[in-house]
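Source file: query.txt. Holds: compact mmCIF, C-alpha atoms.
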# COMPACT_ATOMS: atom_id res chain seq x y z
CA MET F 1 47.04 24.84 -11.46
CA THR F 2 43.36 24.47 -12.32
CA HIS F 3 41.01 22.19 -10.53
CA ALA F 4 38.33 20.18 -12.26
CA PRO F 5 34.81 21.02 -11.09
CA ARG F 6 33.72 18.78 -8.28
CA GLN F 7 31.22 16.14 -9.36
CA GLU F 8 28.25 15.90 -7.02
CA ALA F 9 27.01 12.45 -6.17
CA ARG F 10 23.62 12.09 -7.77
CA ALA F 11 20.96 9.50 -7.49
CA PRO F 12 18.25 9.01 -10.09
CA GLN F 13 15.57 11.66 -9.72
CA GLU F 14 12.78 9.17 -9.15
CA TRP F 15 12.09 5.45 -8.89
CA THR F 16 8.61 3.99 -9.25
CA GLY F 17 7.25 0.51 -8.79
CA ARG F 18 4.01 -1.28 -8.16
CA ALA F 19 2.44 -4.58 -7.27
CA ARG F 20 -0.95 -5.91 -8.32
CA ASN F 21 -3.39 -8.46 -6.97
CA ARG F 22 -6.00 -9.61 -9.44
CA ILE F 23 -7.62 -11.97 -6.91
CA GLN F 24 -8.94 -8.90 -5.09
CA TRP F 25 -11.17 -8.24 -8.10
CA LEU F 26 -12.98 -11.54 -7.43
CA LEU F 27 -13.73 -10.39 -3.90
CA ALA F 28 -14.84 -7.02 -5.26
CA CYS F 29 -17.29 -8.87 -7.53
CA GLY F 30 -18.72 -10.57 -4.43
CA GLY F 31 -19.18 -7.15 -2.84
CA ALA F 32 -20.87 -5.86 -5.99
CA ALA F 33 -23.20 -8.87 -5.94
CA CYS F 34 -24.21 -8.10 -2.33
CA LEU F 35 -24.79 -4.50 -3.31
CA ALA F 36 -26.93 -5.56 -6.29
CA LEU F 37 -28.94 -7.91 -4.07
CA GLY F 38 -29.60 -5.07 -1.63
CA ILE F 39 -30.81 -2.84 -4.46
CA LEU F 40 -32.95 -5.65 -5.89
CA LEU F 41 -34.57 -6.26 -2.50
CA ALA F 42 -35.22 -2.54 -2.05
CA VAL F 43 -36.87 -2.21 -5.45
CA ASP F 44 -38.77 -5.49 -5.65
CA GLY F 45 -38.73 -6.95 -2.15
CA PRO F 46 -41.24 -9.52 -0.90
CA GLU F 47 -44.30 -7.87 0.56
CA THR F 48 -45.46 -10.77 2.70
CA SER F 49 -42.65 -10.84 5.28
CA GLY F 50 -43.17 -7.35 6.69
CA LEU F 51 -41.31 -4.10 6.56
CA ALA F 52 -38.74 -4.62 9.36
CA PRO F 53 -37.14 -7.78 7.91
CA LEU F 54 -37.06 -6.20 4.46
CA VAL F 55 -35.34 -3.03 5.73
CA MET F 56 -32.83 -5.09 7.71
CA SER F 57 -32.07 -7.23 4.66
CA VAL F 58 -31.65 -4.24 2.36
CA VAL F 59 -29.45 -2.32 4.81
CA GLY F 60 -27.39 -5.43 5.56
CA CYS F 61 -26.78 -6.25 1.90
CA LEU F 62 -25.95 -2.65 1.04
CA ALA F 63 -23.55 -2.27 4.00
CA VAL F 64 -21.75 -5.57 3.37
CA GLY F 65 -21.60 -4.89 -0.36
CA LEU F 66 -20.10 -1.42 0.05
CA LEU F 67 -17.59 -2.53 2.70
CA VAL F 68 -16.39 -5.51 0.68
CA LEU F 69 -16.38 -3.63 -2.63
CA PHE F 70 -14.45 -0.58 -1.46
CA GLY F 71 -12.30 -2.54 0.98
CA THR F 72 -11.03 -4.81 -1.77
CA VAL F 73 -10.77 -2.29 -4.61
CA ALA F 74 -8.55 -0.13 -2.38
CA PHE F 75 -5.98 -2.94 -2.32
CA THR F 76 -5.97 -4.25 -5.88
CA HIS F 77 -2.57 -2.61 -6.31
CA VAL F 78 0.04 -0.48 -4.59
CA HIS F 79 2.18 2.22 -6.19
CA VAL F 80 5.53 3.18 -4.65
CA ARG F 81 7.54 6.25 -5.63
CA VAL F 82 10.97 7.19 -4.28
CA ASP F 83 11.97 10.77 -4.97
CA ARG F 84 14.77 12.88 -3.56
CA ASP F 85 12.86 13.70 -0.37
CA ALA F 86 10.59 10.79 0.52
CA VAL F 87 9.10 7.38 -0.17
CA HIS F 88 5.46 7.66 -1.25
CA VAL F 89 3.09 4.69 -1.03
CA ARG F 90 -0.42 4.85 -2.54
CA CYS F 91 -3.01 2.09 -2.62
CA GLY F 92 -5.78 1.39 -5.09
CA HIS F 93 -7.12 3.52 -7.89
CA ILE F 94 -7.82 6.62 -5.83
CA GLY F 95 -4.57 6.44 -3.86
CA VAL F 96 -6.09 5.91 -0.42
CA PRO F 97 -4.71 4.94 1.99
CA ARG F 98 -1.41 6.64 1.35
CA ARG F 99 1.77 7.14 3.31
CA ARG F 100 4.70 9.53 2.87
CA ILE F 101 7.96 8.62 4.62
CA PRO F 102 10.54 11.42 4.58
CA LEU F 103 14.04 10.09 3.88
CA ASP F 104 15.44 11.89 6.91
CA GLN F 105 13.40 9.44 9.03
CA VAL F 106 14.85 6.37 7.27
CA SER F 107 17.81 4.66 8.92
CA ASP F 108 18.09 1.73 6.48
CA CYS F 109 16.09 -0.54 4.20
CA GLN F 110 16.34 -4.09 2.95
CA THR F 111 14.65 -6.43 0.51
CA VAL F 112 12.47 -9.28 1.67
CA PRO F 113 12.24 -12.15 -0.83
CA LEU F 114 8.84 -13.33 0.39
CA ILE F 115 6.18 -11.32 2.17
CA SER F 116 3.14 -13.41 3.02
CA PRO F 117 -0.31 -11.93 3.67
CA ARG F 118 -0.84 -14.70 6.22
CA ALA F 119 2.08 -13.39 8.31
CA TRP F 120 0.43 -9.96 8.40
CA GLY F 121 -3.16 -11.10 8.97
CA GLY F 122 -4.33 -10.69 5.38
CA TRP F 123 -4.20 -8.21 2.54
CA GLY F 124 -4.34 -4.49 3.08
CA TYR F 125 -2.83 -1.84 5.29
CA ARG F 126 -1.66 -3.77 8.36
CA TRP F 127 -0.11 -3.15 11.75
CA ARG F 128 1.47 -5.77 13.97
CA PRO F 129 3.13 -4.72 17.25
CA GLU F 130 6.11 -7.02 16.72
CA LYS F 131 6.56 -6.18 13.01
CA GLY F 132 5.43 -2.60 12.44
CA THR F 133 3.22 -1.35 9.61
CA ALA F 134 2.79 -2.86 6.15
CA VAL F 135 0.96 -2.55 2.87
CA VAL F 136 0.47 -6.10 1.60
CA VAL F 137 -1.40 -6.53 -1.68
CA ARG F 138 -0.02 -9.93 -2.67
CA ARG F 139 2.37 -12.69 -1.70
CA GLY F 140 5.87 -12.08 -3.01
CA PRO F 141 8.90 -9.83 -2.80
CA GLY F 142 8.95 -6.48 -1.09
CA PHE F 143 11.08 -4.30 1.12
CA VAL F 144 11.27 -3.07 4.70
CA ILE F 145 12.13 0.51 5.61
CA HIS F 146 13.67 0.84 9.06
CA LEU F 147 12.63 4.04 10.78
CA GLY F 148 13.78 5.66 13.98
CA GLY F 149 12.62 4.31 17.32
CA GLY F 150 12.60 0.71 16.16
CA HIS F 151 9.64 1.23 13.83
CA SER F 152 9.46 -0.30 10.36
CA PHE F 153 7.31 -0.09 7.25
CA THR F 154 6.98 -3.05 4.88
CA VAL F 155 5.50 -3.00 1.39
CA THR F 156 5.07 -5.60 -1.34
CA VAL F 157 6.30 -4.32 -4.67
CA ASP F 158 7.78 -5.69 -7.88
CA ASP F 159 11.50 -4.89 -8.25
CA ALA F 160 12.02 -4.53 -4.52
CA GLU F 161 15.79 -4.52 -5.13
CA GLY F 162 15.39 -1.41 -7.31
CA ALA F 163 13.42 0.33 -4.57
CA VAL F 164 16.03 -0.49 -1.93
CA GLN F 165 18.84 0.66 -4.22
CA ALA F 166 17.04 3.94 -4.95
CA ILE F 167 16.43 4.59 -1.24
CA ARG F 168 20.03 3.77 -0.31
CA ASP F 169 21.35 5.98 -3.14
CA ARG F 170 19.22 8.87 -1.88
CA LEU F 171 20.41 8.25 1.69
CA ARG F 172 24.06 8.30 0.53
CA VAL F 173 23.53 11.57 -1.33
CA ARG F 174 21.88 13.10 1.76
CA THR F 175 24.71 11.88 3.99
CA ARG F 176 27.37 13.34 1.67
CA ALA F 177 25.47 16.61 1.38
CA SER F 178 25.16 16.94 5.16
CA GLY F 179 28.84 15.99 5.57
CA ASP F 180 29.90 18.77 3.19
CA SER F 181 28.08 21.41 5.24
Once more with this new file: its structure as structure tokens, please.
Amino acid sequence: MTHAPRQEARAPQEWTGRARNRIQWLLACGGAACLALGILLAVDGPETSGLAPLVMSVVGCLAVGLLVLFGTVAFTHVHVRVDRDAVHVRCGHIGVPRRRIPLDQVSDCQTVPLISPRAWGGWGYRWRPEKGTAVVVRRGPGFVIHLGGGHSFTVTVDDAEGAVQAIRDRLRVRTRASGDS
């Protein structure tokens, strides 16, 4: 009697998703305007008010402009990738901040139909003692990854159901593989 080869349970190799926030670009324009004002003051500042007020104005405009510009551009979008080993979350165009969550640290995950920036204290990379850590780039659907020790990680992303399904599929494959050992 011959046996058919055993079929291994397989999950898709990779799932990717993203979420965008175009409103952040308006804030980034405000930061660029502050930066431009600082440069304009440095190049062609008024000479009657003295050097100290001019330097303070230039430094203030440049600092506020850079903080607002880079702080908002970093969160214009988020990119999530689920591969066979981990969930990877990258923000903005240069991918910083980023987070890698190994699947062996994930106990479960679930979709959240509405994640509100107001509930997390605004857009960006957030931490709330009662909620955990989150990347919130817009209001809308997302998912929560439950980690060991009662910790959680929340992220807004389009097709949150697809992300949760991919994570659960990978967890099932890992559980079966460890059960076969």
Task: Counting only C-alpha atoms, the residue of F:Val68, F:Ile115, F:Ala86, F:Leu147 that sits nearest Leu26 of chain F - done: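 Of F:Val68, F:Ile115, F:Ala86, F:Leu147, the one nearest Leu26 of chain F is F:Val68, counting only C-alpha atoms.
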Open item on the list: Calculated over all atoms listed in the file, which of the candidates F:Val58, F:Phe70, F:Arg100, F:Glu14 has the smallest distance to Ala32 of chain F?
Closed with: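 Closest to Ala32 of chain F, using all atoms listed in the file: F:Phe70.
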Task: Atomic distance atom CA of Cys109 of chain F - atom CA of Gly121 of chain F, expressed in Å with one decimal - done: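 Going from atom CA of Cys109 of chain F over to atom CA of Gly121 of chain F covers 22.5 Å.
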- [ ] To one decimal in Å, tell me the separation between atom CA of Gly95 of chain F and atom CA of Phe75 of chain F.
- [x] 9.6 Å
Open item on the list: So the first atom is atom CA of Gly45 of chain F and the second is atom CA of Val64 of chain F; what is the distance between them in Å, to one decimal place?
Closed with: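 Between these atoms lies a distance of 17.9 Å.
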TODO: Check the smallest atom-to-atom distance from each of F:Leu62, F:Ile39, F:Cys29, F:Ile167 to Pro102 of chain F using only C-alpha atoms, then report the winner.
DONE: F:Ile167
Open item on the list: I'd like the contact shell of Trp120 of chain F - 8 Å cut-off, all atoms listed in the file, skipping same-chain residues fewer than 6 positions apart - returned as a ChimeraX atom specification.
Closed with: /F:126-128,134,136
- [ ] Measuring atom to atom with all atoms listed in the file, identify which of F:Val82, F:Leu69, F:Val87, F:Ile145 is nearest to Gly30 of chain F.
- [x]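 Distance minimum relative to Gly30 of chain F lands on F:Leu69.
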Open item on the list: List the spatial neighbours of Gly92 of chain F as number ranges by chain - criterion: any atom at most 7 Å away, all atoms listed in the file, same-chain residues fewer than 2 positions off excluded.
Closed with: F: 73-78, 90, 94-96
Task: Given only C-alpha atoms as the counted atoms, nearest of F:Arg139, F:Ser116, F:Arg170, F:Ala42 to Trp15 of chain F - done: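 Ranked by minimum distance to Trp15 of chain F, first place goes to F:Arg170.
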Task: Residue among F:Arg98, F:Gly17, F:Cys91, F:Pro53 lying closest to Phe143 of chain F, counting all atoms listed in the file - done: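 The answer is F:Gly17, which sits nearest to Phe143 of chain F.
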Task: Residue neighbourhood Gly38 of chain F, 9 Å, all atoms listed in the file, exclusion window fewer than 3 positions, as a PyMOL selection string - done: chain F and resi 33-35+41-43+57-63+65
Please provide as a compact mmCIF listing (two decimals) with C-alpha atoms, in the coordinates of the input all residues within 10 Å of Gly150 of chain F, with the sequence filter that same-chain residues fewer than 2 positions apart are discarded (counting all atoms listed in the file).
# COMPACT_ATOMS: atom_id res chain seq x y z
CA SER F 107 17.81 4.66 8.92
CA LYS F 131 6.56 -6.18 13.01
CA GLY F 132 5.43 -2.60 12.44
CA HIS F 146 13.67 0.84 9.06
CA LEU F 147 12.63 4.04 10.78
CA GLY F 148 13.78 5.66 13.98
CA SER F 152 9.46 -0.30 10.36
N, CA and C atoms are what I want for segment 72-95 of chain F; can you complete it accordingly and write them as a compact mmCIF listing (two decimals), in the coordinates of the input?
# COMPACT_ATOMS: atom_id res chain seq x y z
N THR F 72 -11.89 -4.02 -0.90
CA THR F 72 -11.03 -4.81 -1.77
C THR F 72 -10.47 -4.00 -2.93
N VAL F 73 -11.25 -3.10 -3.49
CA VAL F 73 -10.77 -2.29 -4.61
C VAL F 73 -9.62 -1.39 -4.16
N ALA F 74 -9.63 -0.97 -2.89
CA ALA F 74 -8.55 -0.13 -2.38
C ALA F 74 -7.21 -0.86 -2.39
N PHE F 75 -7.23 -2.20 -2.39
CA PHE F 75 -5.98 -2.94 -2.32
C PHE F 75 -5.77 -3.88 -3.50
N THR F 76 -6.25 -3.47 -4.67
CA THR F 76 -5.97 -4.25 -5.88
C THR F 76 -4.55 -4.01 -6.35
N HIS F 77 -3.98 -2.87 -5.98
CA HIS F 77 -2.57 -2.61 -6.31
C HIS F 77 -2.00 -1.55 -5.38
N VAL F 78 -0.68 -1.50 -5.36
CA VAL F 78 0.04 -0.48 -4.59
C VAL F 78 1.04 0.17 -5.54
N HIS F 79 1.23 1.47 -5.38
CA HIS F 79 2.18 2.22 -6.19
C HIS F 79 3.18 2.87 -5.24
N VAL F 80 4.47 2.64 -5.49
CA VAL F 80 5.53 3.18 -4.65
C VAL F 80 6.38 4.11 -5.50
N ARG F 81 6.68 5.28 -4.95
CA ARG F 81 7.54 6.25 -5.63
C ARG F 81 8.60 6.73 -4.64
N VAL F 82 9.85 6.67 -5.08
CA VAL F 82 10.97 7.19 -4.28
C VAL F 82 11.50 8.41 -5.01
N ASP F 83 11.39 9.57 -4.38
CA ASP F 83 11.97 10.77 -4.97
C ASP F 83 13.11 11.26 -4.08
N ARG F 84 13.59 12.44 -4.31
CA ARG F 84 14.77 12.88 -3.56
C ARG F 84 14.49 13.20 -2.11
N ASP F 85 13.20 13.32 -1.74
CA ASP F 85 12.86 13.70 -0.37
C ASP F 85 12.16 12.62 0.44
N ALA F 86 11.44 11.70 -0.23
CA ALA F 86 10.59 10.79 0.52
C ALA F 86 10.26 9.53 -0.28
N VAL F 87 9.70 8.57 0.43
CA VAL F 87 9.10 7.38 -0.17
C VAL F 87 7.59 7.57 -0.06
N HIS F 88 6.90 7.47 -1.19
CA HIS F 88 5.46 7.66 -1.25
C HIS F 88 4.81 6.33 -1.58
N VAL F 89 3.80 5.94 -0.80
CA VAL F 89 3.09 4.69 -1.03
C VAL F 89 1.60 5.03 -1.15
N ARG F 90 1.01 4.63 -2.29
CA ARG F 90 -0.42 4.85 -2.54
C ARG F 90 -1.08 3.53 -2.88
N CYS F 91 -2.28 3.33 -2.38
CA CYS F 91 -3.01 2.09 -2.62
C CYS F 91 -4.23 2.34 -3.50
N GLY F 92 -4.56 1.35 -4.31
CA GLY F 92 -5.78 1.39 -5.09
C GLY F 92 -5.80 2.45 -6.16
N HIS F 93 -6.98 2.61 -6.75
CA HIS F 93 -7.12 3.52 -7.89
C HIS F 93 -7.25 4.97 -7.48
N ILE F 94 -7.71 5.23 -6.27
CA ILE F 94 -7.82 6.62 -5.83
C ILE F 94 -6.67 7.03 -4.91
N GLY F 95 -5.76 6.11 -4.64
CA GLY F 95 -4.57 6.44 -3.86
C GLY F 95 -4.77 6.53 -2.36
